[in-house]
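Below is the file my_file03.txt, which contains compact mmCIF, C-alpha atoms.
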# COMPACT_ATOMS: atom_id res chain seq x y z
CA MET B 126 0.00 0.00 0.00
CA THR B 127 1.35 3.47 -0.82
CA THR B 128 0.80 6.65 1.10
CA ALA B 129 1.04 10.31 0.13
CA ALA B 130 4.49 10.43 1.72
CA THR B 131 5.77 7.67 -0.58
CA ALA B 132 3.65 8.37 -3.66
CA PRO B 133 3.34 12.13 -4.20
CA ALA B 134 0.25 13.29 -6.04
CA ILE B 135 2.34 15.45 -8.37
CA ALA B 136 1.26 15.17 -11.96
CA THR B 137 3.86 17.58 -13.37
CA LEU B 138 6.98 19.39 -12.16
CA ILE B 139 8.01 22.46 -14.09
CA PRO B 140 10.74 25.07 -13.70
CA LEU B 141 9.52 27.90 -11.49
CA GLU B 142 10.51 30.45 -14.12
CA ALA B 143 7.72 29.03 -16.33
CA VAL B 144 5.12 30.27 -13.80
CA ASP B 145 3.64 33.77 -13.70
CA PRO B 146 5.18 35.54 -10.67
CA ALA B 147 1.72 36.66 -9.50
CA MET B 148 0.65 33.00 -9.32
CA ILE B 149 3.75 32.15 -7.26
CA GLU B 150 2.95 34.97 -4.85
CA ALA B 151 -0.66 33.77 -4.57
CA VAL B 152 0.48 30.25 -3.60
CA LEU B 153 2.92 31.68 -1.04
CA ASP B 154 0.23 33.94 0.45
CA ARG B 155 -2.20 31.04 0.71
CA ALA B 156 0.40 28.73 2.27
CA PHE B 157 2.03 31.19 4.70
CA GLY B 158 -0.18 34.28 4.91
CA ALA B 159 0.27 37.78 3.56
CA ASP B 160 2.49 38.67 6.55
CA ARG B 161 5.13 36.12 5.51
CA HIS B 162 7.57 38.86 4.42
CA ALA B 163 8.33 39.64 8.08
CA ARG B 164 9.91 36.20 8.62
CA THR B 165 13.62 35.86 9.27
CA ALA B 166 14.14 33.78 6.11
CA TYR B 167 13.13 36.81 4.04
CA ARG B 168 15.81 38.90 5.78
CA ILE B 169 18.45 36.28 5.07
CA ARG B 170 17.80 36.30 1.31
CA GLU B 171 16.83 39.97 0.98
CA GLY B 172 17.54 41.37 -2.47
CA MET B 173 18.37 37.99 -4.00
CA ASP B 174 16.60 36.29 -6.89
CA TRP B 175 15.78 32.61 -6.55
CA LEU B 176 17.98 30.09 -8.36
CA PRO B 177 16.28 28.85 -11.54
CA GLY B 178 17.81 25.35 -11.64
CA LEU B 179 16.73 24.43 -8.10
CA SER B 180 13.39 26.29 -7.92
CA LEU B 181 10.38 24.31 -9.11
CA ALA B 182 6.60 24.30 -9.27
CA ALA B 183 4.13 21.42 -8.95
CA LEU B 184 0.99 21.12 -11.02
CA ASP B 185 -1.73 18.73 -9.90
CA GLU B 186 -3.56 16.19 -12.02
CA ASN B 187 -5.69 19.02 -13.49
CA GLN B 188 -2.59 21.10 -14.28
CA PHE B 189 -3.35 23.65 -11.52
CA LEU B 190 -0.43 25.22 -9.66
CA VAL B 191 -0.55 23.76 -6.15
CA ALA B 192 3.00 24.01 -4.79
CA THR B 193 6.38 25.69 -5.24
CA ILE B 194 9.91 25.42 -3.91
CA GLN B 195 12.42 28.23 -4.12
CA CYS B 196 16.17 28.13 -3.50
CA TRP B 197 18.29 31.22 -2.99
CA PRO B 198 21.96 32.23 -3.13
CA ILE B 199 22.99 33.31 0.36
CA ALA B 200 26.20 33.38 2.36
CA LEU B 201 27.51 32.72 5.81
CA GLN B 202 29.26 35.99 6.61
CA THR B 203 32.40 35.23 8.62
CA GLN B 204 35.49 37.12 9.77
CA GLN B 205 37.37 35.43 6.92
CA GLY B 206 34.77 36.56 4.36
CA PRO B 207 31.51 35.22 2.91
CA VAL B 208 30.98 31.50 2.35
CA PRO B 209 28.33 30.74 -0.29
CA LEU B 210 25.33 28.57 0.55
CA VAL B 211 21.94 27.77 -0.93
CA MET B 212 18.89 28.60 1.18
CA VAL B 213 16.03 26.18 0.58
CA GLY B 214 12.51 27.46 0.95
CA PRO B 215 9.89 28.33 1.14
CA VAL B 216 8.33 25.01 0.25
CA ALA B 217 4.74 26.13 -0.23
CA VAL B 218 1.67 23.97 -0.78
CA VAL B 219 -1.83 25.41 -1.01
CA PRO B 220 -3.74 24.51 2.19
CA GLU B 221 -6.32 22.21 0.60
CA ARG B 222 -3.57 20.03 -0.96
CA GLN B 223 -1.19 19.83 2.02
CA GLY B 224 -0.39 16.31 3.20
CA GLU B 225 -0.73 14.83 -0.31
CA GLY B 226 3.01 14.60 -1.02
CA PHE B 227 3.56 17.73 -3.09
CA GLY B 228 6.19 19.09 -0.67
CA VAL B 229 7.96 15.71 -0.58
CA GLY B 230 7.95 15.56 -4.38
CA LEU B 231 9.37 19.05 -4.74
CA MET B 232 12.05 18.49 -2.11
CA SER B 233 13.03 15.15 -3.65
CA ALA B 234 13.29 16.68 -7.14
CA MET B 235 15.37 19.59 -5.84
CA ILE B 236 17.68 17.21 -3.94
CA ALA B 237 18.08 15.08 -7.10
CA GLU B 238 19.05 18.18 -9.09
CA ASP B 239 21.47 19.17 -6.33
CA ALA B 240 23.03 15.68 -6.54
CA ARG B 241 23.44 16.13 -10.29
CA LEU B 242 25.18 19.48 -9.69
CA ALA B 243 27.36 17.89 -6.99
CA ALA B 244 28.51 15.25 -9.46
CA GLY B 245 29.68 18.12 -11.67
CA GLY B 246 31.42 19.83 -8.75
CA GLN B 247 28.89 22.67 -8.53
CA ALA B 248 26.89 21.94 -5.38
CA LEU B 249 26.94 24.08 -2.26
CA ALA B 250 25.81 23.26 1.25
CA GLN B 251 22.12 23.97 1.76
CA VAL B 252 20.42 25.62 4.73
CA LEU B 253 16.81 26.14 5.75
CA ILE B 254 14.68 27.05 8.72
CA GLY B 255 12.27 24.21 9.34
CA ASP B 256 11.23 21.06 11.14
CA ALA B 257 14.08 18.58 11.62
CA GLU B 258 11.68 15.63 11.67
CA TYR B 259 10.39 16.52 8.20
CA TYR B 260 13.59 17.74 6.52
CA GLY B 261 15.83 15.16 8.20
CA ARG B 262 14.81 12.57 5.59
CA TRP B 263 16.96 14.54 3.12
CA GLY B 264 19.92 14.86 5.49
CA PHE B 265 19.14 18.26 6.99
CA SER B 266 20.15 18.66 10.63
CA ALA B 267 21.17 21.30 13.15
CA ALA B 268 24.43 19.48 13.97
CA MET B 269 26.66 22.03 12.18
CA THR B 270 24.65 25.25 12.62
CA GLY B 271 24.98 25.90 16.35
CA GLY B 272 27.35 28.85 15.88
CA TRP B 273 25.47 30.36 12.94
CA ARG B 274 23.21 33.36 13.49
CA CYS B 275 20.28 34.85 11.60
CA PRO B 276 19.23 38.51 11.17
CA GLY B 277 16.01 38.13 13.10
CA PRO B 278 14.23 35.79 15.46
CA TYR B 279 14.59 32.05 14.92
CA GLU B 280 14.74 28.87 16.94
CA PRO B 281 18.32 27.52 16.74
CA HIS B 282 17.15 23.88 16.61
CA ARG B 283 15.20 24.74 13.42
CA LEU B 284 18.26 26.13 11.56
CA LEU B 285 19.16 23.06 9.50
CA ALA B 286 21.85 22.35 6.93
CA ARG B 287 22.96 19.52 4.64
CA GLY B 288 25.63 18.74 2.09
CA ALA B 289 29.18 17.46 1.77
CA ALA B 290 30.48 21.05 1.86
CA LEU B 291 29.40 21.35 5.51
CA ALA B 292 32.59 19.62 6.60
CA ALA B 293 34.59 22.66 5.49
CA MET B 294 32.12 25.31 6.69
CA PRO B 295 33.05 27.80 9.40
CA VAL B 296 31.46 27.08 12.76
CA GLU B 297 30.42 30.71 13.30
CA GLY B 298 28.91 33.42 11.17
CA MET B 299 25.81 35.40 10.22
CA LEU B 300 23.52 34.24 7.42
CA GLY B 301 22.64 36.87 4.84
CA PRO B 302 22.35 37.63 1.14
CA TRP B 303 25.13 36.53 -1.19
CA GLU B 304 26.99 39.63 -2.24
CA GLY B 305 29.94 37.98 -3.94
Will you turn the file into structure tokens for me?
Amino acid sequence: MTTAATAPAIATLIPLEAVDPAMIEAVLDRAFGADRHARTAYRIREGMDWLPGLSLAALDENQFLVATIQCWPIALQTQQGPVPLVMVGPVAVVPERQGEGFGVGLMSAMIAEDARLAAGGQALAQVLIGDAEYYGRWGFSAAMTGGWRCPGPYEPHRLLARGAALAAMPVEGMLGPWEG
């Protein structure tokens, strides 16, 4: 027997750049509320454009936009200089379709693309603010982020990172936009 967690209901994944920006904003507003811009994650990636290759949209079986994932170029600002990272999120699913596997499908597709980039030597460590129980299935954890800070309120146990590049990451720094 399959469940939504193992068999996402995604009919089609498309590049996010193929979606009208107003439609993306509508999905984000429905998933997180119109006040979402006050969140710390928005401060971290302020002024950045999302990364086309890792940012995707999910269309349901009727070809309606029901979910998006965005990834952003950011940096860990350290005394030695900025260290580039990719910030994952938001992963947004319209409320009436949450729990059907759209978020899992988008995350899995993004991770697969990241693995392809890693094979070509182009992958960076990824960071997000989220639930370790959910994102841990893709290797995200707070094990390496204890000395990292964010420009706004956040719960340190929810600052998660993944990737082979973490082994060489500084243990301290402030997350912010990539200005390199």
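Atom pair CA of Leu138 (chain B) / CA of Pro302 (chain B) has a distance of 27.3 Å (rounded to one decimal).
Among the candidate residues B:Phe227, B:Phe189, B:Trp197, B:Phe265, the one lying nearest to Arg168 (chain B) is B:Trp197, with distances computed using only C-alpha atoms.
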Excluding same-chain residues fewer than 3 positions from region 203-209 of chain B, what lies within 6 Å of it counting all atoms listed in the file, as a list of chain:residue names? B:Ile199, B:Ala200, B:Gly298
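Proximity to Arg241 (chain B) was assessed for B:Ala192, B:Ala147, B:Leu179, B:Leu141 counting only C-alpha atoms; the smallest distance is recorded for B:Leu179.
Atom to atom, CA of Val252 (chain B) and CA of Thr193 (chain B) stand 17.2 Å apart.
Note that CA of Ile149 (chain B) and CA of Gly288 (chain B) are 27.3 Å apart.
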Hey, which of B:Ala237, B:Arg283, B:Thr270, B:Arg155 ends up closest to Glu221 (chain B)? Count only C-alpha atoms. B:Arg155
Kindly provide the residues of region 209-290 of chain B that approach region 158-161 of chain B to within 12 Å, each paired with its closest atom pair and their distance in Å to one decimal, based on all atoms listed in the file, listed by chain and increasing number, as CSV.
residue,atom,partner,partner_atom,distance
B:Pro215,CA,B:Arg161,CA,10.1
B:Ala217,CA,B:Gly158,CA,10.8
B:Val218,CA,B:Gly158,CA,11.9
B:Val219,CA,B:Gly158,CA,10.8
B:Pro220,CA,B:Gly158,CA,10.7
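Of the residues listed (B:Ala136, B:Val191, B:Met294, B:Leu181), B:Leu181 shows the shortest atom-to-atom separation from Met235 (chain B); distances use all atoms listed in the file.
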Could you pull region 172-189 of chain B out of the block above and give me N, CA and C atoms, as a short mmCIF file (atom, residue, chain, number, x, y, z; two decimals), in the first residue's frame?
data_model
loop_
_atom_site.label_atom_id
_atom_site.label_comp_id
_atom_site.auth_asym_id
_atom_site.auth_seq_id
_atom_site.Cartn_x
_atom_site.Cartn_y
_atom_site.Cartn_z
N GLY B 172 16.92 40.85 -1.27
CA GLY B 172 17.54 41.37 -2.47
C GLY B 172 18.02 40.33 -3.46
N MET B 173 17.91 39.06 -3.13
CA MET B 173 18.37 37.99 -4.00
C MET B 173 17.22 37.50 -4.89
N ASP B 174 17.56 36.98 -6.04
CA ASP B 174 16.60 36.29 -6.89
C ASP B 174 16.77 34.79 -6.68
N TRP B 175 15.67 34.05 -6.74
CA TRP B 175 15.78 32.61 -6.55
C TRP B 175 16.58 31.98 -7.69
N LEU B 176 17.13 30.81 -7.40
CA LEU B 176 17.98 30.09 -8.36
C LEU B 176 17.12 29.25 -9.30
N PRO B 177 17.15 29.54 -10.59
CA PRO B 177 16.28 28.85 -11.54
C PRO B 177 16.43 27.33 -11.54
N GLY B 178 17.63 26.80 -11.52
CA GLY B 178 17.81 25.35 -11.64
C GLY B 178 17.27 24.54 -10.48
N LEU B 179 17.17 25.16 -9.29
CA LEU B 179 16.73 24.43 -8.10
C LEU B 179 15.32 24.83 -7.65
N SER B 180 14.72 25.79 -8.30
CA SER B 180 13.39 26.29 -7.92
C SER B 180 12.36 25.71 -8.88
N LEU B 181 11.33 25.09 -8.31
CA LEU B 181 10.38 24.31 -9.11
C LEU B 181 8.94 24.61 -8.71
N ALA B 182 8.02 24.20 -9.56
CA ALA B 182 6.60 24.30 -9.27
C ALA B 182 5.95 22.94 -9.53
N ALA B 183 4.88 22.67 -8.78
CA ALA B 183 4.13 21.42 -8.95
C ALA B 183 2.73 21.75 -9.44
N LEU B 184 2.35 21.03 -10.49
CA LEU B 184 0.99 21.12 -11.02
C LEU B 184 0.28 19.83 -10.66
N ASP B 185 -0.98 19.94 -10.27
CA ASP B 185 -1.73 18.73 -9.90
C ASP B 185 -2.24 18.01 -11.15
N GLU B 186 -3.05 17.01 -10.92
CA GLU B 186 -3.56 16.19 -12.02
C GLU B 186 -4.41 16.98 -13.01
N ASN B 187 -4.91 18.15 -12.60
CA ASN B 187 -5.69 19.02 -13.49
C ASN B 187 -4.85 20.17 -14.05
N GLN B 188 -3.54 20.10 -13.82
CA GLN B 188 -2.59 21.10 -14.28
C GLN B 188 -2.75 22.46 -13.59
N PHE B 189 -3.27 22.44 -12.34
CA PHE B 189 -3.35 23.65 -11.52
C PHE B 189 -2.09 23.75 -10.67
#
